[in-house]
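Remarks on the structure that follows.
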Amino acid sequence: SWTVNGLRACSRKGFLDWLGQEQPDVLGLQEVRALPEQLDGPVREPAGYDTVFHPAERKGYSGVALYAAVSPNKVVLGGLDEPRFDTEGRLIIADYGDFMLYNGYFPNGGHDLSRVPFKLEFSEAVLQHAEAQRRSGRSSVICGDINTSHEEIDLANPKSTRKNTGFLPEERAWITRLLDHGYLDIFRRRHPGEAGHYTWWSNRKGLRERNVGWRIDYFFISPDLEPRVVDVRHHQDVMGSDHCPIELVLKI
């Protein structure tokens, strides 16, 4: 999973080289910010991958994509039955048989916090959809840019950002709610108590070099999938975006 902060810009910074080197079976992209026809052919349809794009109606905004070397049984764009969510291009749901993959770009609450209610409503809709699938016997992987750091350990400067979106009590409470439903923050479960594991850094000069960042990109999994987890990690040395890629390895 990678929040690319504009796929056209990321492609000029080595996206295809990285894809060819890593060769993920499935790649979820967030913040694509382009229509498929605006992308160069090799970026839109790289060799060995089936690609699906869910752009926002507003040009140059939001957007998610799925690159699949292992194709899902079915793909749904949006799927939350809420036009106000679907028009922003924030979710792709891929059916991989015994588990559902939710590739999401969760809203930012905004500098003036005006979008926080929308963010929480979108987040709750994703949770309820995943819960409905679990009740029918399906496992779930929820990944992408959640746009919230859960605990103080998940960002470099928690005390100075308590009143900012991304670390508001109500935003953090939704992640707690997700975990209370049994989902696992599998990276934190594998790295308990370890600070400095961030996935996003402001573009202000020197912050990434000094690792002054936030962990806002996640893999949440239903608990039955935990025995199948081989590895989960952040690729903090990969440039091309203000976020780094994150990786989950599951036994199929």
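Chain identifiers are assigned as A, B, and so on, following the order in which chains appear in the structure tokens; residues are numbered from 1 within each chain, and ligands are numbered from 1 in order of appearance.
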
**OP:** Please provide as an NGL selection string all residues within 8 Å of range 149-157 of chain A, with the sequence filter that same-chain residues fewer than 6 positions apart are discarded (counting only C-alpha atoms).
**Re:** :A and (166-167 or 172 or 175-176 or 193-198 or 211-216)

Original post:
Can you list, as a list in words, every protein, DNA or RNA residue that comes within 12 Å of range 189-191 of chain A when you count only C-alpha atoms, leaving out same-chain residues fewer than 6 positions away?
Top reply: Ile153, Asp154, Leu179, Tyr183, His197, Tyr218, Phe219, Phe220, Ile221, Pro223, Glu226, Val229, Val230, Asp231, Val232, Arg233, His234 and Leu248 of chain A

Output file for the selection above: all heavy atoms, as a short mmCIF file (atom, residue, chain, number, x, y, z; two decimals), in the first residue's frame:
data_model
loop_
_atom_site.label_atom_id
_atom_site.label_comp_id
_atom_site.auth_asym_id
_atom_site.auth_seq_id
_atom_site.Cartn_x
_atom_site.Cartn_y
_atom_site.Cartn_z
N ILE A 153 2.81 7.39 20.56
CA ILE A 153 3.99 6.74 19.98
C ILE A 153 3.98 6.81 18.46
O ILE A 153 5.02 6.64 17.81
CB ILE A 153 4.07 5.27 20.46
CG1 ILE A 153 5.46 4.69 20.20
CG2 ILE A 153 2.98 4.42 19.81
CD1 ILE A 153 5.64 3.31 20.79
N ASP A 154 2.83 7.11 17.88
CA ASP A 154 2.67 7.07 16.43
C ASP A 154 2.97 8.38 15.72
O ASP A 154 2.78 8.48 14.51
CB ASP A 154 1.25 6.62 16.06
CG ASP A 154 0.97 5.20 16.51
OD1 ASP A 154 1.84 4.34 16.31
OD2 ASP A 154 -0.11 4.95 17.08
N LEU A 179 -10.39 -1.38 16.73
CA LEU A 179 -9.67 -2.42 17.47
C LEU A 179 -10.60 -3.13 18.45
O LEU A 179 -10.48 -4.34 18.66
CB LEU A 179 -8.48 -1.81 18.22
CG LEU A 179 -7.43 -1.09 17.35
CD1 LEU A 179 -6.31 -0.54 18.21
CD2 LEU A 179 -6.87 -2.01 16.28
N TYR A 183 -10.37 -6.03 15.21
CA TYR A 183 -9.36 -5.86 14.17
C TYR A 183 -7.99 -5.59 14.80
O TYR A 183 -7.90 -5.00 15.89
CB TYR A 183 -9.74 -4.71 13.23
CG TYR A 183 -10.97 -5.01 12.42
CD1 TYR A 183 -12.24 -4.73 12.94
CD2 TYR A 183 -10.90 -5.60 11.17
CE1 TYR A 183 -13.39 -5.03 12.23
CE2 TYR A 183 -12.03 -5.90 10.44
CZ TYR A 183 -13.28 -5.61 10.97
OH TYR A 183 -14.41 -5.91 10.27
N HIS A 197 8.50 4.78 14.01
CA HIS A 197 7.98 4.09 12.82
C HIS A 197 6.89 4.94 12.19
O HIS A 197 5.70 4.77 12.50
CB HIS A 197 7.44 2.71 13.19
CG HIS A 197 8.48 1.74 13.65
ND1 HIS A 197 9.42 1.20 12.79
CD2 HIS A 197 8.74 1.22 14.88
CE1 HIS A 197 10.20 0.37 13.47
NE2 HIS A 197 9.81 0.37 14.73
N TYR A 218 -1.85 2.28 7.44
CA TYR A 218 -2.01 1.07 8.26
C TYR A 218 -2.45 -0.14 7.43
O TYR A 218 -3.04 0.00 6.35
CB TYR A 218 -3.13 1.28 9.31
CG TYR A 218 -2.91 2.34 10.33
CD1 TYR A 218 -3.14 3.68 10.03
CD2 TYR A 218 -2.54 2.02 11.64
CE1 TYR A 218 -2.99 4.68 10.99
CE2 TYR A 218 -2.40 3.01 12.61
CZ TYR A 218 -2.62 4.33 12.29
OH TYR A 218 -2.48 5.31 13.23
N PHE A 219 -2.20 -1.30 8.03
CA PHE A 219 -2.92 -2.53 7.70
C PHE A 219 -3.68 -2.96 8.95
O PHE A 219 -3.07 -3.26 9.98
CB PHE A 219 -1.97 -3.66 7.29
CG PHE A 219 -1.37 -3.51 5.93
CD1 PHE A 219 -0.05 -3.11 5.79
CD2 PHE A 219 -2.11 -3.76 4.78
CE1 PHE A 219 0.52 -2.98 4.53
CE2 PHE A 219 -1.55 -3.63 3.52
CZ PHE A 219 -0.23 -3.24 3.39
N PHE A 220 -4.99 -2.97 8.88
CA PHE A 220 -5.83 -3.55 9.92
C PHE A 220 -6.37 -4.88 9.39
O PHE A 220 -6.89 -4.93 8.27
CB PHE A 220 -7.00 -2.64 10.28
CG PHE A 220 -6.60 -1.33 10.91
CD1 PHE A 220 -6.72 -0.15 10.19
CD2 PHE A 220 -6.12 -1.28 12.20
CE1 PHE A 220 -6.36 1.07 10.76
CE2 PHE A 220 -5.76 -0.08 12.78
CZ PHE A 220 -5.88 1.11 12.06
N ILE A 221 -6.26 -5.94 10.17
CA ILE A 221 -6.72 -7.25 9.71
C ILE A 221 -7.67 -7.85 10.73
O ILE A 221 -7.58 -7.59 11.93
CB ILE A 221 -5.54 -8.21 9.45
CG1 ILE A 221 -4.80 -8.53 10.75
CG2 ILE A 221 -4.58 -7.64 8.42
CD1 ILE A 221 -3.75 -9.64 10.60
N PRO A 223 -8.88 -10.79 13.10
CA PRO A 223 -7.96 -11.60 13.91
C PRO A 223 -7.67 -12.99 13.36
O PRO A 223 -6.58 -13.53 13.60
CB PRO A 223 -8.64 -11.67 15.28
CG PRO A 223 -10.07 -11.29 15.04
CD PRO A 223 -10.07 -10.37 13.87
N GLU A 226 -4.32 -13.41 11.48
CA GLU A 226 -3.01 -13.22 12.11
C GLU A 226 -2.08 -14.42 11.93
O GLU A 226 -0.88 -14.24 11.67
CB GLU A 226 -3.16 -12.88 13.59
CG GLU A 226 -1.83 -12.52 14.22
CD GLU A 226 -1.95 -12.05 15.66
OE1 GLU A 226 -3.00 -12.31 16.30
OE2 GLU A 226 -1.00 -11.42 16.16
N VAL A 229 0.08 -14.14 8.80
CA VAL A 229 0.97 -13.00 8.59
C VAL A 229 2.43 -13.46 8.65
O VAL A 229 2.87 -14.04 9.64
CB VAL A 229 0.72 -11.90 9.63
CG1 VAL A 229 1.75 -10.78 9.49
CG2 VAL A 229 -0.69 -11.33 9.49
N VAL A 230 3.16 -13.21 7.57
CA VAL A 230 4.58 -13.54 7.50
C VAL A 230 5.41 -12.33 7.92
O VAL A 230 6.39 -12.45 8.66
CB VAL A 230 4.97 -13.97 6.07
CG1 VAL A 230 6.47 -14.23 5.97
CG2 VAL A 230 4.17 -15.20 5.66
N ASP A 231 5.01 -11.13 7.46
CA ASP A 231 5.80 -9.93 7.74
C ASP A 231 4.93 -8.71 7.53
O ASP A 231 3.95 -8.75 6.75
CB ASP A 231 7.02 -9.87 6.82
CG ASP A 231 8.06 -8.83 7.24
OD1 ASP A 231 7.99 -8.38 8.40
OD2 ASP A 231 8.92 -8.48 6.42
N VAL A 232 5.27 -7.64 8.19
CA VAL A 232 4.64 -6.34 7.96
C VAL A 232 5.71 -5.29 8.26
O VAL A 232 6.39 -5.36 9.28
CB VAL A 232 3.37 -6.15 8.82
CG1 VAL A 232 3.66 -6.30 10.31
CG2 VAL A 232 2.73 -4.80 8.53
N ARG A 233 5.87 -4.34 7.35
CA ARG A 233 6.92 -3.35 7.57
C ARG A 233 6.66 -2.09 6.76
O ARG A 233 5.84 -2.07 5.84
CB ARG A 233 8.29 -3.92 7.22
CG ARG A 233 8.49 -4.38 5.79
CD ARG A 233 9.77 -5.20 5.68
NE ARG A 233 10.04 -5.62 4.32
CZ ARG A 233 11.06 -5.15 3.58
NH1 ARG A 233 11.88 -4.24 4.07
NH2 ARG A 233 11.27 -5.59 2.36
N HIS A 234 7.40 -1.04 7.13
CA HIS A 234 7.39 0.22 6.42
C HIS A 234 8.67 0.33 5.59
O HIS A 234 9.73 -0.05 6.06
CB HIS A 234 7.37 1.40 7.39
CG HIS A 234 6.19 1.44 8.31
ND1 HIS A 234 6.18 2.16 9.48
CD2 HIS A 234 4.97 0.84 8.23
CE1 HIS A 234 5.01 2.02 10.09
NE2 HIS A 234 4.26 1.22 9.35
N LEU A 248 2.48 -5.73 3.70
CA LEU A 248 1.97 -6.85 4.47
C LEU A 248 2.16 -8.11 3.64
O LEU A 248 1.74 -8.16 2.48
CB LEU A 248 0.48 -6.65 4.79
CG LEU A 248 -0.24 -7.82 5.47
CD1 LEU A 248 0.30 -8.06 6.88
CD2 LEU A 248 -1.75 -7.59 5.52
#

Original post:
Suppose you want the space between CA of Asn203 in chain A and CA of Thr51 in chain A; what is it in Å?
Top reply: 29.1 Å

Original post:
How far is it from CA of Ser1 in chain A to CA of Gly28 in chain A, in Å with one decimal?
Top reply: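 Atom-to-atom, CA of Ser1 in chain A and CA of Gly28 in chain A are spaced 4.6 Å apart.
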
**OP:** For Ala125 in chain A, work out the shell of residues within 9 Å, counting only C-alpha atoms and skipping chain neighbours fewer than 5 positions away, then give it as number ranges by chain.
**Re:** A: 80, 82, 120, 130

Write a file of the selected residues as a compact mmCIF listing (two decimals), in the first residue's frame, keeping N, CA, C and O atoms.
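Listing of result_25.txt after writing:
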# COMPACT_ATOMS: atom_id res chain seq x y z
N LEU A 80 -19.99 1.80 -0.64
CA LEU A 80 -20.58 2.15 0.64
C LEU A 80 -22.01 2.65 0.52
O LEU A 80 -22.62 3.05 1.52
N GLU A 82 -23.17 5.32 -0.60
CA GLU A 82 -23.28 6.74 -0.25
C GLU A 82 -22.63 7.55 -1.35
O GLU A 82 -21.41 7.61 -1.43
N LEU A 120 -15.27 10.98 9.92
CA LEU A 120 -15.74 9.97 10.86
C LEU A 120 -16.89 9.16 10.29
O LEU A 120 -16.99 7.94 10.52
N ALA A 130 -17.24 -3.80 6.51
CA ALA A 130 -16.35 -4.91 6.84
C ALA A 130 -17.01 -5.84 7.86
O ALA A 130 -16.88 -7.07 7.77

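Those residues that approach Pro245 in chain A to within 8 Å, counting only C-alpha atoms, are Ser1, Trp2, Thr3, Thr199, His234, His235, Gln236 and Val238 of chain A; same-chain residues fewer than 3 positions away are not listed.
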
**OP:** Between A:Glu209, A:Asp217, A:Asp95, A:Glu45, single out the one closest to Asp237 in chain A, counting only C-alpha atoms.
**Re:**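 The closest residue to Asp237 in chain A is A:Glu209.
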
Original post:
So which residues touch Leu91 in chain A within 8 Å, counting only C-alpha atoms, skipping near sequence neighbours fewer than 5 positions away, as a ChimeraX atom specification?
Top reply: /A:54,64,77-79,86,102-105

Original post:
What residues in range 33-212 of chain A get the DSSP label alpha helix (DSSP H)? Please answer as a PyMOL selection string.
Top reply: chain A and resi 41-44+83-86+116-135+169-180+186-190

Written file, previous selection with C-alpha atoms, as a CSV table (one decimal), in the first residue's frame:
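Below is the file selection31.csv, written as the result:
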chain,number,residue,atom,x,y,z
A,41,GLY,CA,0.5,3.8,-20.6
A,42,PRO,CA,3.2,1.9,-18.6
A,43,VAL,CA,2.0,3.6,-15.4
A,44,ARG,CA,-1.7,3.0,-16.2
A,83,PRO,CA,-22.8,9.0,-3.3
A,84,ARG,CA,-21.1,11.6,-1.2
A,85,PHE,CA,-18.4,9.1,-0.4
A,86,ASP,CA,-18.2,7.5,-3.8
A,116,VAL,CA,-13.9,15.9,10.6
A,117,PRO,CA,-17.6,14.8,10.7
A,118,PHE,CA,-17.4,13.6,7.1
A,119,LYS,CA,-14.2,11.8,7.9
A,120,LEU,CA,-15.7,10.0,10.9
A,121,GLU,CA,-18.9,9.1,8.9
A,122,PHE,CA,-16.8,7.6,6.1
A,123,SER,CA,-14.6,5.7,8.5
A,124,GLU,CA,-17.7,4.2,10.3
A,125,ALA,CA,-19.2,3.2,6.9
A,126,VAL,CA,-16.0,1.3,6.1
A,127,LEU,CA,-16.2,-0.5,9.5
A,128,GLN,CA,-19.8,-1.4,9.1
A,129,HIS,CA,-19.3,-2.8,5.6
A,130,ALA,CA,-16.4,-4.9,6.8
A,131,GLU,CA,-18.4,-6.1,9.8
A,132,ALA,CA,-21.2,-7.2,7.5
A,133,GLN,CA,-18.7,-9.3,5.6
A,134,ARG,CA,-17.3,-10.8,8.7
A,135,ARG,CA,-20.8,-11.8,9.8
A,169,PRO,CA,-9.6,12.6,20.3
A,170,GLU,CA,-12.6,11.7,18.2
A,171,GLU,CA,-10.4,10.6,15.3
A,172,ARG,CA,-8.2,8.4,17.5
A,173,ALA,CA,-11.4,7.0,19.1
A,174,TRP,CA,-12.5,5.6,15.8
A,175,ILE,CA,-9.3,3.5,15.6
A,176,THR,CA,-9.9,2.4,19.1
A,177,ARG,CA,-13.4,1.4,18.1
A,178,LEU,CA,-12.0,-0.6,15.1
A,179,LEU,CA,-9.7,-2.4,17.5
A,180,ASP,CA,-12.5,-3.0,20.0
A,186,ILE,CA,-0.8,-5.7,12.7
A,187,PHE,CA,2.3,-3.4,12.4
A,188,ARG,CA,1.9,-2.2,16.0
A,189,ARG,CA,1.2,-5.7,17.2
A,190,ARG,CA,4.5,-6.8,15.7

**OP:** Enumerate the residues of range 79-236 of chain A with a DSSP assignment of strand (DSSP E), computed from the backbone, and present them as number ranges by chain.
**Re:** A: 91-95, 99-105, 139-145, 184-185, 200-201, 213-214, 217-221, 229-234

Those residues you just picked out, can you put them in a file as a CSV table (one decimal), in the first residue's frame with N, CA and C atoms?
chain,number,residue,atom,x,y,z
A,91,LEU,N,-12.4,4.6,-2.1
A,91,LEU,CA,-12.4,3.2,-1.6
A,91,LEU,C,-12.5,2.3,-2.8
A,92,ILE,N,-11.7,1.2,-2.8
A,92,ILE,CA,-11.8,0.1,-3.7
A,92,ILE,C,-11.9,-1.2,-2.8
A,93,ILE,N,-12.9,-2.0,-3.0
A,93,ILE,CA,-13.1,-3.2,-2.3
A,93,ILE,C,-12.8,-4.4,-3.2
A,94,ALA,N,-11.9,-5.2,-2.9
A,94,ALA,CA,-11.5,-6.3,-3.8
A,94,ALA,C,-11.8,-7.6,-3.0
A,95,ASP,N,-12.5,-8.5,-3.7
A,95,ASP,CA,-12.9,-9.8,-3.1
A,95,ASP,C,-11.8,-10.9,-3.5
A,99,PHE,N,-11.0,-13.6,1.9
A,99,PHE,CA,-10.9,-12.3,2.6
A,99,PHE,C,-11.2,-11.1,1.6
A,100,MET,N,-11.7,-10.0,2.2
A,100,MET,CA,-12.0,-8.8,1.5
A,100,MET,C,-10.8,-7.8,1.7
A,101,LEU,N,-10.4,-7.2,0.7
A,101,LEU,CA,-9.4,-6.1,0.8
A,101,LEU,C,-10.0,-4.8,0.6
A,102,TYR,N,-9.9,-3.9,1.6
A,102,TYR,CA,-10.4,-2.5,1.5
A,102,TYR,C,-9.2,-1.6,1.4
A,103,ASN,N,-9.1,-1.0,0.2
A,103,ASN,CA,-8.0,-0.1,-0.1
A,103,ASN,C,-8.6,1.3,0.0
A,104,GLY,N,-8.3,2.0,1.1
A,104,GLY,CA,-9.0,3.3,1.3
A,104,GLY,C,-8.1,4.5,1.5
A,105,TYR,N,-8.6,5.6,1.0
A,105,TYR,CA,-7.9,6.9,1.3
A,105,TYR,C,-8.9,7.7,2.1
A,139,SER,N,-13.1,-12.8,6.0
A,139,SER,CA,-12.1,-12.0,6.7
A,139,SER,C,-11.9,-10.7,6.0
A,140,SER,N,-11.2,-9.8,6.7
A,140,SER,CA,-11.0,-8.4,6.1
A,140,SER,C,-9.6,-7.9,6.3
A,141,VAL,N,-9.1,-7.2,5.3
A,141,VAL,CA,-7.8,-6.4,5.4
A,141,VAL,C,-8.2,-5.0,5.0
A,142,ILE,N,-8.1,-4.1,5.9
A,142,ILE,CA,-8.3,-2.7,5.7
A,142,ILE,C,-7.0,-2.0,5.6
A,143,CYS,N,-6.7,-1.4,4.5
A,143,CYS,CA,-5.4,-0.8,4.4
A,143,CYS,C,-5.5,0.6,3.7
A,144,GLY,N,-4.4,1.4,3.8
A,144,GLY,CA,-4.3,2.7,3.2
A,144,GLY,C,-4.0,3.8,4.1
A,145,ASP,N,-4.3,5.0,3.7
A,145,ASP,CA,-4.1,6.2,4.4
A,145,ASP,C,-5.3,6.5,5.3
A,184,LEU,N,-7.0,-6.0,14.1
A,184,LEU,CA,-5.6,-5.9,14.6
A,184,LEU,C,-4.8,-4.8,13.8
A,185,ASP,N,-4.2,-3.9,14.5
A,185,ASP,CA,-3.2,-3.0,13.9
A,185,ASP,C,-1.9,-3.9,13.9
A,200,TRP,N,4.4,9.1,7.1
A,200,TRP,CA,4.2,10.4,6.5
A,200,TRP,C,5.0,11.5,7.2
A,201,TRP,N,5.6,12.3,6.3
A,201,TRP,CA,6.4,13.5,6.8
A,201,TRP,C,6.0,14.7,6.1
A,213,GLY,N,7.9,12.6,11.9
A,213,GLY,CA,6.7,12.2,11.1
A,213,GLY,C,5.5,11.7,11.9
A,214,TRP,N,4.6,11.1,11.1
A,214,TRP,CA,3.4,10.5,11.7
A,214,TRP,C,3.2,9.1,11.1
A,217,ASP,N,-0.6,5.5,7.9
A,217,ASP,CA,-0.9,4.4,6.9
A,217,ASP,C,-0.9,3.1,7.7
A,218,TYR,N,-1.8,2.3,7.4
A,218,TYR,CA,-2.0,1.1,8.3
A,218,TYR,C,-2.5,-0.1,7.4
A,219,PHE,N,-2.2,-1.3,8.0
A,219,PHE,CA,-2.9,-2.5,7.7
A,219,PHE,C,-3.7,-3.0,9.0
A,220,PHE,N,-5.0,-3.0,8.9
A,220,PHE,CA,-5.8,-3.6,9.9
A,220,PHE,C,-6.4,-4.9,9.4
A,221,ILE,N,-6.3,-5.9,10.2
A,221,ILE,CA,-6.7,-7.2,9.7
A,221,ILE,C,-7.7,-7.9,10.7
A,229,VAL,N,0.1,-14.1,8.8
A,229,VAL,CA,1.0,-13.0,8.6
A,229,VAL,C,2.4,-13.5,8.6
A,230,VAL,N,3.2,-13.2,7.6
A,230,VAL,CA,4.6,-13.5,7.5
A,230,VAL,C,5.4,-12.3,7.9
A,231,ASP,N,5.0,-11.1,7.5
A,231,ASP,CA,5.8,-9.9,7.7
A,231,ASP,C,4.9,-8.7,7.5
A,232,VAL,N,5.3,-7.6,8.2
A,232,VAL,CA,4.6,-6.3,8.0
A,232,VAL,C,5.7,-5.3,8.3
A,233,ARG,N,5.9,-4.3,7.4
A,233,ARG,CA,6.9,-3.3,7.6
A,233,ARG,C,6.7,-2.1,6.8
A,234,HIS,N,7.4,-1.0,7.1
A,234,HIS,CA,7.4,0.2,6.4
A,234,HIS,C,8.7,0.3,5.6
